[in-house]
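One file, coords_3.txt, is given below (compact mmCIF, C-alpha atoms).
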# COMPACT_ATOMS: atom_id res chain seq x y z
CA MET A 1 0.00 0.00 0.00
CA SER A 2 1.32 3.41 -0.97
CA LEU A 3 0.37 6.92 0.09
CA PHE A 4 1.46 9.89 -2.00
CA ILE A 5 0.96 13.15 -0.11
CA SER A 6 0.93 16.49 -1.90
CA SER A 7 3.63 18.82 -0.60
CA SER A 8 0.91 21.33 0.37
CA ASP A 9 -1.44 18.82 2.02
CA ALA A 10 -1.04 19.73 5.71
CA ALA A 11 -4.32 18.03 6.62
CA LEU A 12 -3.16 14.51 5.65
CA LYS A 13 0.20 15.04 7.34
CA LEU A 14 -1.65 15.91 10.55
CA LEU A 15 -3.90 12.86 10.19
CA LEU A 16 -0.89 10.55 10.02
CA THR A 17 0.20 11.75 13.47
CA PHE A 18 -3.17 10.52 14.78
CA VAL A 19 -2.90 7.11 13.11
CA PRO A 20 0.79 6.12 13.44
CA GLU A 21 -0.17 2.55 12.51
CA ALA A 22 -0.81 3.81 8.98
CA GLU A 23 2.78 4.97 8.61
CA LYS A 24 3.95 1.47 9.53
CA ASP A 25 1.69 -0.16 6.92
CA LEU A 26 2.09 2.37 4.14
CA SER A 27 4.90 3.50 1.92
CA VAL A 28 4.61 7.28 2.25
CA ASP A 29 6.06 9.58 -0.41
CA ALA A 30 5.74 13.28 -1.14
CA VAL A 31 4.54 14.55 -4.50
CA ALA A 32 4.66 18.13 -5.71
CA ASP A 33 1.74 20.02 -7.29
CA ARG A 34 -0.52 16.97 -7.46
CA LEU A 35 -3.53 15.66 -5.56
CA SER A 36 -2.74 13.33 -2.68
CA ARG A 37 -3.37 9.69 -3.60
CA LEU A 38 -3.75 6.39 -1.76
CA GLU A 39 -3.14 3.12 -3.60
CA LEU A 40 -4.56 -0.04 -2.03
CA GLY A 41 -3.70 -2.86 -4.40
CA SER A 42 -5.87 -2.39 -7.47
CA LYS A 43 -7.87 0.39 -5.81
CA SER A 44 -6.78 4.02 -5.97
CA VAL A 45 -8.29 6.87 -3.92
CA GLU A 46 -7.48 10.47 -4.84
CA GLY A 47 -7.94 13.81 -3.07
CA THR A 48 -7.44 14.90 0.54
CA ASN A 49 -10.98 14.21 1.72
CA ALA A 50 -11.34 10.79 0.11
CA VAL A 51 -7.90 9.65 1.33
CA ALA A 52 -8.55 10.97 4.85
CA GLN A 53 -11.91 9.17 5.08
CA THR A 54 -10.38 5.91 3.82
CA LEU A 55 -7.49 6.04 6.32
CA ALA A 56 -9.77 6.96 9.21
CA ALA A 57 -12.18 4.12 8.40
CA LYS A 58 -9.28 1.67 8.43
CA TYR A 59 -7.24 2.91 11.40
CA ASP A 60 -9.49 5.09 13.62
CA SER A 61 -13.18 4.92 12.76
CA ALA A 62 -14.09 7.37 15.55
CA LEU A 63 -12.39 10.16 13.61
CA ALA A 64 -14.69 9.49 10.66
CA GLY A 65 -17.89 9.83 12.74
CA SER A 66 -20.01 7.49 14.81
CA SER A 67 -23.20 7.71 12.72
CA ASP A 68 -24.28 8.26 9.12
CA ALA A 69 -25.41 11.79 10.04
CA ASP A 70 -22.04 12.61 11.61
CA ARG A 71 -20.16 11.18 8.64
CA ALA A 72 -22.24 13.30 6.24
CA ASP A 73 -21.59 16.42 8.33
CA ILE A 74 -17.85 15.68 8.49
CA SER A 75 -17.71 15.28 4.71
CA GLN A 76 -19.57 18.57 4.34
CA TRP A 77 -17.18 20.51 6.58
CA MET A 78 -14.11 19.05 4.86
CA THR A 79 -15.42 20.05 1.44
CA MET A 80 -16.30 23.58 2.56
CA SER A 81 -12.88 24.07 4.16
CA ALA A 82 -11.08 23.22 0.90
CA ARG A 83 -12.24 26.36 -0.90
CA HIS A 84 -9.36 28.76 -1.47
CA GLY A 85 -9.24 32.53 -1.84
CA PRO A 86 -9.63 35.35 0.72
CA VAL A 87 -13.39 35.71 0.21
CA GLU A 88 -14.02 31.98 0.63
CA ARG A 89 -11.71 31.76 3.67
CA GLN A 90 -13.41 34.76 5.31
CA ALA A 91 -16.88 33.30 4.68
CA PHE A 92 -15.78 29.90 6.04
CA SER A 93 -14.27 31.42 9.20
CA GLN A 94 -17.51 33.32 9.84
CA LEU A 95 -19.51 30.13 9.30
CA ILE A 96 -17.36 28.28 11.87
CA ASP A 97 -17.59 31.20 14.29
CA SER A 98 -21.40 31.11 14.15
CA HIS A 99 -21.57 27.30 14.24
CA LEU A 100 -19.36 27.04 17.34
CA ALA A 101 -21.26 29.56 19.47
CA GLN A 102 -22.43 26.66 21.66
CA ARG A 103 -20.19 23.85 20.43
CA THR A 104 -16.63 22.76 21.04
CA PHE A 105 -15.90 20.80 17.85
CA LEU A 106 -17.36 21.01 14.35
CA VAL A 107 -19.17 17.65 14.56
CA GLY A 108 -20.15 15.83 17.73
CA ASP A 109 -18.41 16.19 21.07
CA ARG A 110 -14.89 15.12 20.11
CA LEU A 111 -12.20 15.90 17.56
CA SER A 112 -12.98 14.48 14.11
CA LEU A 113 -11.67 14.52 10.55
CA ALA A 114 -13.68 17.71 10.04
CA ASP A 115 -11.57 19.53 12.65
CA LEU A 116 -8.24 18.13 11.41
CA VAL A 117 -8.83 18.84 7.73
CA ALA A 118 -10.40 22.26 8.34
CA PHE A 119 -7.54 23.20 10.68
CA GLY A 120 -4.94 22.27 8.07
CA ASN A 121 -6.77 24.23 5.40
CA VAL A 122 -7.28 27.45 7.42
CA HIS A 123 -3.90 27.50 9.21
CA ALA A 124 -2.35 30.06 6.85
CA PHE A 125 -5.51 32.21 6.94
CA MET A 126 -5.47 32.32 10.76
CA GLY A 127 -1.80 33.29 10.68
CA SER A 128 -2.66 36.28 8.46
CA LEU A 129 -5.35 37.70 10.78
CA SER A 130 -4.70 40.64 13.08
CA SER A 131 -5.40 40.35 16.81
CA GLN A 132 -8.51 42.52 16.31
CA LYS A 133 -9.91 40.17 13.65
CA ARG A 134 -9.12 37.09 15.74
CA PHE A 135 -10.96 38.66 18.66
CA ALA A 136 -13.94 39.47 16.40
CA LEU A 137 -14.02 35.78 15.35
CA CYS A 138 -13.60 34.57 18.93
CA ASN A 139 -15.33 31.18 18.51
CA PHE A 140 -13.31 30.42 15.37
CA SER A 141 -10.08 31.44 17.15
CA ARG A 142 -10.96 29.43 20.28
CA TRP A 143 -11.58 26.33 18.18
CA PHE A 144 -8.34 26.80 16.23
CA ASP A 145 -6.32 27.16 19.44
CA LEU A 146 -7.99 24.08 20.96
CA VAL A 147 -7.17 21.94 17.91
CA GLN A 148 -3.52 23.00 17.74
CA HIS A 149 -3.07 22.16 21.43
CA THR A 150 -4.93 18.84 21.07
CA LEU A 151 -2.57 17.54 18.38
CA PRO A 152 0.09 15.03 19.43
CA ALA A 153 3.51 16.48 20.21
CA GLY A 154 5.48 17.23 17.06
CA SER A 155 2.42 17.09 14.77
CA LEU A 156 2.63 20.68 13.60
CA GLU A 157 6.32 20.36 12.83
CA LYS A 158 5.76 17.16 10.81
CA ALA A 159 3.02 18.93 8.83
CA GLY A 160 5.26 21.91 8.16
CA LEU A 161 3.10 24.23 10.28
CA ASP A 162 3.89 26.63 13.09
CA MET A 163 2.09 27.14 16.38
CA VAL A 164 -0.04 30.30 16.05
CA ALA A 165 -0.13 32.42 19.21
CA ILE A 166 -3.82 33.05 19.96
CA ASP A 167 -4.72 35.72 22.53
CA LEU A 168 -8.47 36.03 23.06
CA ARG A 169 -8.24 39.04 25.37
CA ALA A 170 -9.65 42.26 23.95
CA PRO A 171 -6.85 43.92 21.95
CA ALA A 172 -5.52 47.32 23.03
CA PRO A 173 -7.02 50.28 21.13
CA PRO A 174 -4.95 51.60 18.22
CA LYS A 175 -2.21 54.11 19.14
CA LYS A 176 -4.04 56.85 17.27
CA GLN A 177 -7.05 56.54 19.57
CA VAL A 178 -4.82 56.53 22.66
CA ALA A 179 -3.02 59.66 21.43
CA GLN A 180 -6.30 61.44 20.79
CA ALA A 181 -7.59 60.55 24.25
CA SER A 182 -4.33 61.77 25.82
CA ALA A 183 -4.46 65.06 23.90
CA ALA A 184 -8.05 65.59 24.99
CA ALA A 185 -7.09 65.05 28.62
CA LYS A 186 -4.31 67.66 28.38
CA LYS A 187 -6.52 70.32 26.73
CA PRO A 188 -7.11 73.28 29.10
CA GLU A 189 -10.65 73.97 30.20
CA CYS A 190 -12.50 76.75 28.38
CA ASP A 191 -13.60 79.75 30.39
CA ALA A 192 -17.30 80.14 31.08
CA ALA A 193 -17.90 82.66 28.29
CA SER A 194 -16.17 80.56 25.64
CA GLU A 195 -17.96 77.41 26.75
CA GLY A 196 -21.34 79.16 26.67
CA LYS A 197 -20.64 80.39 23.15
CA GLN A 198 -19.78 76.88 21.95
CA GLN A 199 -22.94 75.44 23.47
CA GLN A 200 -25.02 78.13 21.74
CA GLN A 201 -23.41 77.37 18.38
CA GLN A 202 -24.02 73.63 18.83
CA LYS A 203 -27.68 74.28 19.69
CA GLN A 204 -28.16 76.43 16.57
CA LYS A 205 -26.54 73.73 14.43
CA LYS A 206 -28.86 71.05 15.86
CA ASP A 207 -31.93 73.25 15.25
CA LYS A 208 -30.94 73.69 11.59
CA GLN A 209 -30.45 69.93 11.22
CA LYS A 210 -33.92 69.26 12.64
CA GLN A 211 -35.45 71.59 10.05
CA LYS A 212 -33.80 69.73 7.17
CA PRO A 213 -35.67 66.65 5.84
CA GLU A 214 -33.87 63.46 6.81
CA LYS A 215 -32.16 61.65 3.98
CA LYS A 216 -32.95 57.98 3.72
CA GLN A 217 -29.78 55.98 4.02
CA ALA A 218 -29.27 53.14 1.57
CA PRO A 219 -29.21 49.77 3.33
CA THR A 220 -25.78 48.31 3.93
CA ALA A 221 -24.74 44.65 3.90
CA LYS A 222 -25.07 44.57 7.70
CA ASP A 223 -28.69 45.82 7.53
CA VAL A 224 -29.86 43.19 5.02
CA VAL A 225 -30.70 39.60 5.91
CA ILE A 226 -29.27 37.61 3.02
CA VAL A 227 -31.41 34.68 1.89
CA PRO A 228 -31.05 32.36 -1.13
CA SER A 229 -34.23 33.65 -2.79
CA MET A 230 -32.31 36.86 -3.60
CA ILE A 231 -30.45 34.88 -6.29
CA ASP A 232 -32.25 34.74 -9.65
CA LEU A 233 -32.04 31.08 -10.70
CA ARG A 234 -33.72 29.92 -13.89
CA VAL A 235 -33.79 26.97 -16.24
CA GLY A 236 -31.69 27.57 -19.34
CA HIS A 237 -31.24 25.59 -22.54
CA ILE A 238 -27.89 25.61 -24.33
CA VAL A 239 -28.68 26.38 -27.98
CA ASP A 240 -25.13 26.73 -29.26
CA VAL A 241 -21.58 26.41 -27.91
CA GLU A 242 -18.08 26.99 -29.24
CA LYS A 243 -14.56 27.24 -27.88
CA HIS A 244 -13.49 30.67 -26.69
CA PRO A 245 -11.25 32.15 -29.41
CA ASP A 246 -8.64 33.37 -26.90
CA ALA A 247 -8.84 30.88 -24.02
CA ASP A 248 -8.35 27.13 -24.30
CA ALA A 249 -10.19 26.36 -21.04
CA LEU A 250 -13.37 28.33 -21.82
CA TYR A 251 -16.58 27.69 -23.73
CA VAL A 252 -18.83 30.45 -25.08
CA GLU A 253 -22.49 29.39 -24.99
CA LYS A 254 -25.71 30.85 -26.33
CA ILE A 255 -28.43 29.99 -23.81
CA ASP A 256 -32.20 30.35 -23.97
CA ALA A 257 -33.40 31.61 -20.58
CA GLY A 258 -36.99 32.24 -21.65
CA GLU A 259 -36.25 35.81 -22.73
CA ASP A 260 -36.52 37.63 -26.06
CA GLU A 261 -32.79 37.26 -26.69
CA LEU A 262 -30.34 34.47 -26.01
CA ARG A 263 -27.79 35.06 -23.24
CA THR A 264 -24.08 34.80 -23.92
CA VAL A 265 -22.40 32.82 -21.13
CA VAL A 266 -18.71 31.97 -20.71
CA SER A 267 -17.90 28.80 -18.73
CA GLY A 268 -14.59 27.20 -17.74
CA LEU A 269 -15.70 23.65 -18.49
CA VAL A 270 -13.43 22.55 -21.33
CA ARG A 271 -11.36 20.27 -19.05
CA PHE A 272 -14.45 18.59 -17.61
CA VAL A 273 -17.24 18.45 -20.21
CA PRO A 274 -16.72 17.49 -23.89
CA ILE A 275 -18.22 20.02 -26.29
CA GLU A 276 -20.66 17.46 -27.72
CA GLN A 277 -22.14 17.04 -24.21
CA MET A 278 -22.63 20.80 -23.92
CA ARG A 279 -25.02 21.18 -26.82
CA ASP A 280 -28.80 20.97 -26.61
CA ARG A 281 -29.13 20.40 -22.88
CA ASP A 282 -30.95 22.01 -19.97
CA VAL A 283 -28.98 23.73 -17.21
CA VAL A 284 -29.55 25.94 -14.16
CA LEU A 285 -28.51 29.56 -14.67
CA VAL A 286 -27.58 32.23 -12.13
CA CYS A 287 -29.06 35.21 -13.96
CA ASN A 288 -28.54 38.27 -11.76
CA LEU A 289 -24.78 38.30 -11.26
CA LYS A 290 -23.05 41.41 -12.54
CA PRO A 291 -21.98 40.76 -16.18
CA ALA A 292 -18.27 40.03 -16.40
CA LYS A 293 -15.80 40.17 -19.27
CA MET A 294 -13.89 36.91 -19.62
CA ARG A 295 -10.94 37.17 -21.99
CA GLY A 296 -12.72 39.78 -24.09
CA VAL A 297 -16.21 38.17 -24.11
CA MET A 298 -18.98 39.49 -21.84
CA SER A 299 -20.71 36.75 -19.84
CA HIS A 300 -24.29 37.52 -18.79
CA ALA A 301 -24.98 34.60 -16.46
CA MET A 302 -23.31 31.61 -14.80
CA VAL A 303 -24.07 27.93 -15.36
CA LEU A 304 -24.45 26.20 -11.98
CA CYS A 305 -22.25 23.11 -11.69
CA ALA A 306 -21.32 20.56 -9.01
CA THR A 307 -17.72 19.70 -8.19
CA SER A 308 -16.85 16.37 -6.54
CA PRO A 309 -15.07 16.52 -3.14
CA ASP A 310 -11.74 15.55 -4.73
CA GLY A 311 -12.11 18.18 -7.47
CA ALA A 312 -11.73 15.63 -10.26
CA THR A 313 -15.32 15.75 -11.58
CA VAL A 314 -17.45 18.74 -12.57
CA GLU A 315 -21.05 18.18 -13.73
CA PHE A 316 -24.08 20.31 -14.57
CA VAL A 317 -26.83 20.77 -12.02
CA GLU A 318 -29.69 19.38 -14.09
CA PRO A 319 -33.29 20.66 -13.92
CA PRO A 320 -35.98 17.96 -13.60
CA LYS A 321 -37.47 16.51 -16.78
CA GLY A 322 -40.23 18.63 -18.29
CA SER A 323 -38.60 21.93 -17.28
CA LYS A 324 -38.76 24.76 -19.81
CA PRO A 325 -36.34 27.66 -20.45
CA GLY A 326 -37.16 30.51 -18.08
CA ASP A 327 -38.79 28.33 -15.41
CA ARG A 328 -37.97 29.61 -11.94
CA VAL A 329 -35.52 27.57 -9.86
CA TYR A 330 -35.81 28.04 -6.09
CA PHE A 331 -34.85 26.55 -2.75
CA ASP A 332 -37.38 24.64 -0.69
CA GLY A 333 -38.76 26.99 1.96
CA PHE A 334 -37.80 30.12 0.04
CA ASP A 335 -40.25 29.95 -2.85
CA ASP A 336 -42.05 33.18 -1.82
CA GLY A 337 -38.97 35.40 -1.99
CA LYS A 338 -38.35 37.74 -4.91
CA PRO A 339 -34.90 37.73 -6.57
CA GLU A 340 -32.86 40.91 -6.75
CA GLU A 341 -32.83 42.49 -10.20
CA LEU A 342 -29.02 42.63 -10.05
CA LEU A 343 -26.81 41.40 -7.21
CA LYS A 344 -24.69 44.28 -5.94
CA PRO A 345 -21.07 43.15 -5.46
CA LYS A 346 -20.76 45.08 -2.17
CA MET A 347 -23.67 43.13 -0.65
CA LYS A 348 -21.89 39.80 -1.34
CA VAL A 349 -25.18 37.91 -1.62
CA PHE A 350 -23.91 35.04 -3.76
CA GLU A 351 -20.63 34.89 -1.80
CA THR A 352 -22.63 34.50 1.43
CA ILE A 353 -24.95 31.76 0.15
CA GLN A 354 -22.48 29.83 -2.03
CA PRO A 355 -20.47 28.19 0.81
CA GLY A 356 -23.66 26.28 1.73
CA LEU A 357 -24.49 25.06 -1.78
CA PHE A 358 -23.97 21.29 -2.13
CA THR A 359 -25.37 18.04 -3.38
CA ASN A 360 -26.41 15.50 -0.75
CA ASP A 361 -25.95 11.72 -0.56
CA HIS A 362 -28.70 11.28 -3.19
CA ARG A 363 -27.15 13.68 -5.78
CA GLU A 364 -29.85 16.26 -4.99
CA ALA A 365 -28.78 19.90 -5.22
CA GLY A 366 -29.58 22.29 -2.40
CA TRP A 367 -28.41 24.71 0.29
CA TYR A 368 -27.36 24.03 3.89
CA ASP A 369 -28.38 26.84 6.23
CA ALA A 370 -26.54 27.79 9.44
CA ASP A 371 -28.39 25.01 11.32
CA LYS A 372 -27.25 22.44 8.70
CA SER A 373 -30.82 21.99 7.41
CA PHE A 374 -30.83 21.06 3.72
CA HIS A 375 -33.12 23.07 1.41
CA LYS A 376 -33.51 21.28 -1.92
CA LEU A 377 -33.20 23.14 -5.22
CA LEU A 378 -36.55 22.80 -6.98
CA VAL A 379 -38.40 23.54 -10.20
CA SER A 380 -42.19 23.38 -9.78
CA GLY A 381 -41.69 21.12 -6.75
CA ALA A 382 -39.31 18.65 -8.45
CA VAL A 383 -35.68 18.51 -7.34
CA CYS A 384 -32.60 19.37 -9.41
CA THR A 385 -29.89 16.69 -9.44
CA THR A 386 -26.47 15.78 -10.81
CA ALA A 387 -25.46 12.70 -12.80
CA THR A 388 -22.94 11.27 -10.30
CA VAL A 389 -21.59 13.92 -7.89
CA VAL A 390 -22.41 13.18 -4.24
CA ASN A 391 -21.67 15.71 -1.45
CA GLY A 392 -20.12 18.06 -4.00
CA SER A 393 -20.00 21.85 -3.84
CA LEU A 394 -22.05 23.98 -6.25
CA LYS A 395 -20.67 27.01 -8.03
Representation of the structure as structure tokens:
Amino acid sequence: MSLFISSSDAALKLLLTFVPEAEKDLSVDAVADRLSRLELGSKSVEGTNAVAQTLAAKYDSALAGSSDADRADISQWMTMSARHGPVERQAFSQLIDSHLAQRTFLVGDRLSLADLVAFGNVHAFMGSLSSQKRFALCNFSRWFDLVQHTLPAGSLEKAGLDMVAIDLRAPAPPKKQVAQASAAAKKPECDAASEGKQQQQQKQKKDKQKQKPEKKQAPTAKDVVIVPSMIDLRVGHIVDVEKHPDADALYVEKIDAGEDELRTVVSGLVRFVPIEQMRDRDVVLVCNLKPAKMRGVMSHAMVLCATSPDGATVEFVEPPKGSKPGDRVYFDGFDDGKPEELLKPKMKVFETIQPGLFTNDHREAGWYDADKSFHKLLVSGAVCTTATVVNGSLK
């Protein structure tokens, strides 16, 4: 049996410190810039999550979860933690912070694969946070500190990671604020006449402000409760497709979304879907994203796809049979909501919802809310599915 660990796969390196028996049984080698892979005779398992689950099932089943529900949750957390990029990392840290308000570990009451893999994936992100941001994400920081001190001695060093100093005390105010407070304390008191004049001026200013009509402030991201029904999802039908003239990895599609004109959509699916499988098929479209230019071609929507946990397979989210172009696609429990005409980038609506978009064990597409309840993606009451992808992320 052979285990090939990617040079950047800290999560699997940490796992091996928990199951030292595996190191005795396996021939462990490092590979650069490739997915980690486990070879068991004629069977080969690829990707951090799949390898971790296989090793845990063989050497420490408790890490993999004690029930089907726990195992599904663990798989979900591992998949969510694998998303890279500052926006995805920030959204994931906020999700953990909310989830752990009354919990110690991500799943159940003990350390699991979810904690190990997530810890390995967010280690660099935690190291980049200021003390103020760590304090603001106190539950996330508490969990991170607990995991790094729960690991066996020498684990971090073997995984190529450093101990991150976590201080959950309220950080000192910035020096600028301290200097301003000090300057205010040293300021001499005004005499009675001067003080009275200032008070009179302030009163006149307030009276003028009261006379002016109040301006309605535009809602900010903090004022708005973001829900999945804000995303305009519709059934689309790919009428035509061709390779992007200036990008080998991109397709340019003409898609019927039930409107007067076809939408031009650019998708990075060349590596995953043959062009003959792109033509004449129904898809789910995200229709109210801000149009984006992709290598010189404006894209006016996004085709919703599912990615397997190991990243090797990407498939369309498929509307149920009988769906027509333009049919509304919605999440169970959110069918009454009205989509935004155009998602404003500053509101980060899609970025907030997307970390919870997955397929379940039955290939059904949907959204996990903060309580881990699964809301299926529906068209006229029938669920959208994928061909093979189970517990995969949607984007």
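One finds atom CA of A:Ser373 at 29.0 Å from atom CA of A:Pro325.
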Original post:
In Å to one decimal, how far is atom CA of A:Ala22 from atom CA of A:Ala57?
Top reply: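 Computing it gives 11.4 Å between the two atoms.
Comparing A:Val239, A:Leu106, A:Leu116, A:Leu95 by their smallest distance to A:Ala159, the closest is A:Leu116 (using all atoms listed in the file).
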Original post:
Leaving out stretch 260-269 of chain A and any residue of its chain fewer than 2 positions from it, which residues lie within 12 Å of it when counting all atoms listed in the file, given as a PyMOL selection string?
Top reply: chain A and resi 236-258+271-275+277-278+283+285-289+291-307+313-316+325-326+395
Write the residues you've just listed into a file as a CSV table (one decimal), keeping the file's coordinate frame, and include C-alpha atoms for each of them.
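Full text of result.csv as output:
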chain,number,residue,atom,x,y,z
A,236,GLY,CA,-31.7,27.6,-19.3
A,237,HIS,CA,-31.2,25.6,-22.5
A,238,ILE,CA,-27.9,25.6,-24.3
A,239,VAL,CA,-28.7,26.4,-28.0
A,240,ASP,CA,-25.1,26.7,-29.3
A,241,VAL,CA,-21.6,26.4,-27.9
A,242,GLU,CA,-18.1,27.0,-29.2
A,243,LYS,CA,-14.6,27.2,-27.9
A,244,HIS,CA,-13.5,30.7,-26.7
A,245,PRO,CA,-11.2,32.2,-29.4
A,246,ASP,CA,-8.6,33.4,-26.9
A,247,ALA,CA,-8.8,30.9,-24.0
A,248,ASP,CA,-8.4,27.1,-24.3
A,249,ALA,CA,-10.2,26.4,-21.0
A,250,LEU,CA,-13.4,28.3,-21.8
A,251,TYR,CA,-16.6,27.7,-23.7
A,252,VAL,CA,-18.8,30.4,-25.1
A,253,GLU,CA,-22.5,29.4,-25.0
A,254,LYS,CA,-25.7,30.8,-26.3
A,255,ILE,CA,-28.4,30.0,-23.8
A,256,ASP,CA,-32.2,30.4,-24.0
A,257,ALA,CA,-33.4,31.6,-20.6
A,258,GLY,CA,-37.0,32.2,-21.6
A,271,ARG,CA,-11.4,20.3,-19.0
A,272,PHE,CA,-14.4,18.6,-17.6
A,273,VAL,CA,-17.2,18.4,-20.2
A,274,PRO,CA,-16.7,17.5,-23.9
A,275,ILE,CA,-18.2,20.0,-26.3
A,277,GLN,CA,-22.1,17.0,-24.2
A,278,MET,CA,-22.6,20.8,-23.9
A,283,VAL,CA,-29.0,23.7,-17.2
A,285,LEU,CA,-28.5,29.6,-14.7
A,286,VAL,CA,-27.6,32.2,-12.1
A,287,CYS,CA,-29.1,35.2,-14.0
A,288,ASN,CA,-28.5,38.3,-11.8
A,289,LEU,CA,-24.8,38.3,-11.3
A,291,PRO,CA,-22.0,40.8,-16.2
A,292,ALA,CA,-18.3,40.0,-16.4
A,293,LYS,CA,-15.8,40.2,-19.3
A,294,MET,CA,-13.9,36.9,-19.6
A,295,ARG,CA,-10.9,37.2,-22.0
A,296,GLY,CA,-12.7,39.8,-24.1
A,297,VAL,CA,-16.2,38.2,-24.1
A,298,MET,CA,-19.0,39.5,-21.8
A,299,SER,CA,-20.7,36.8,-19.8
A,300,HIS,CA,-24.3,37.5,-18.8
A,301,ALA,CA,-25.0,34.6,-16.5
A,302,MET,CA,-23.3,31.6,-14.8
A,303,VAL,CA,-24.1,27.9,-15.4
A,304,LEU,CA,-24.4,26.2,-12.0
A,305,CYS,CA,-22.2,23.1,-11.7
A,306,ALA,CA,-21.3,20.6,-9.0
A,307,THR,CA,-17.7,19.7,-8.2
A,313,THR,CA,-15.3,15.8,-11.6
A,314,VAL,CA,-17.4,18.7,-12.6
A,315,GLU,CA,-21.0,18.2,-13.7
A,316,PHE,CA,-24.1,20.3,-14.6
A,325,PRO,CA,-36.3,27.7,-20.4
A,326,GLY,CA,-37.2,30.5,-18.1
A,395,LYS,CA,-20.7,27.0,-8.0
Subject >> 9 Å contact set for A:Phe135, all atoms listed in the file, chain neighbours under 3 positions out, as a PyMOL selection string >> reply: chain A and resi 130-132+138-139+141+167-171
Counting only C-alpha atoms, which residues have an atom no more than 10 Å from (0.0, 30.5, 19.5) in the file's coordinates? Please list them as an mmCIF file with C-alpha atoms, in the coordinates of the input.
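Writing done, so here's part.cif:
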data_model
loop_
_atom_site.group_PDB
_atom_site.id
_atom_site.type_symbol
_atom_site.label_atom_id
_atom_site.label_comp_id
_atom_site.auth_asym_id
_atom_site.auth_seq_id
_atom_site.Cartn_x
_atom_site.Cartn_y
_atom_site.Cartn_z
ATOM 1 C CA GLY A 127 -1.800 33.290 10.680
ATOM 2 C CA PHE A 144 -8.340 26.800 16.230
ATOM 3 C CA ASP A 145 -6.320 27.160 19.440
ATOM 4 C CA GLN A 148 -3.520 23.000 17.740
ATOM 5 C CA HIS A 149 -3.070 22.160 21.430
ATOM 6 C CA ASP A 162 3.890 26.630 13.090
ATOM 7 C CA MET A 163 2.090 27.140 16.380
ATOM 8 C CA VAL A 164 -0.040 30.300 16.050
ATOM 9 C CA ALA A 165 -0.130 32.420 19.210
ATOM 10 C CA ILE A 166 -3.820 33.050 19.960
ATOM 11 C CA ASP A 167 -4.720 35.720 22.530
#
**OP:** Using all atoms listed in the file, determine which residues lie at most 10 Å from A:Lys372, disregarding the query and same-chain residues fewer than 5 positions distant; provide the list as a list in words.
**Re:**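 So the residues in contact are Asp73, Gln76, His99, Gly356 and Trp367 of chain A.
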Subject >> Closest of A:Ser229, A:Asn121, A:Ser308, A:Thr385 to A:Phe92 - atom-to-atom distances counting all atoms listed in the file >> reply: A:Asn121
Original post:
Can you tell me how far atom CA of A:Ile5 sits from atom CA of A:Gly47, in Å to one decimal?
Top reply: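 Atom-to-atom, atom CA of A:Ile5 and atom CA of A:Gly47 are spaced 9.4 Å apart.
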Original post:
Between A:Leu394, A:Leu378, A:Leu14, A:Ile226, which is the closest to A:Ser155 once you count only C-alpha atoms?
Top reply: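 Checking each of A:Leu394, A:Leu378, A:Leu14, A:Ile226 against A:Ser155, counting only C-alpha atoms, the winner is A:Leu14.
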Subject >> For A:Gly337: contacts at 12 Å, all atoms listed in the file, fewer than 5 positions along chain excluded, given as a list in words >> reply: Ile226, Val227, Pro228, Ser229, Met230, Ile231, Asp232, Leu233, Arg328, Val329, Tyr330, Phe331 and Asp332 of chain A
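With only C-alpha atoms as the atoms that count, the minimum distance from A:Ser44 to the choices A:Leu3, A:Val379, A:Ala136, A:Leu161 is reached by A:Leu3.
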Subject >> Pick from A:Leu342, A:Val349, A:Cys384, A:Leu26, whichever lies nearest to A:Asp282 using all atoms listed in the file >> reply: A:Cys384
**OP:** Give the answer as one residue: which of A:Gln90, A:Thr54, A:Gln102, A:Asn360 has the shortest atom-to-atom distance to A:Trp143, using all atoms listed in the file?
**Re:**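 Looking only at the distances to A:Trp143, the closest residue turns out to be A:Gln102.
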**OP:** Find the residues around A:Met80 up to 12 Å (only C-alpha atoms counted), leave out those fewer than 5 positions away in its own chain, and share them as a ChimeraX atom specification.
**Re:** /A:49,73-75,88-93,95-96,114-115,117-119,121-122,307-310,354-358,368,391-395
Starting from 6 Å padding per side, set up an axis-aligned box that covers all listed atoms of stretch 118-127 of chain A and hand over centre and edge lengths in Å, one decimal, as JSON.
{"center_x": -6.1, "center_y": 27.8, "center_z": 8.1, "size_x": 20.6, "size_y": 23.0, "size_z": 17.4}
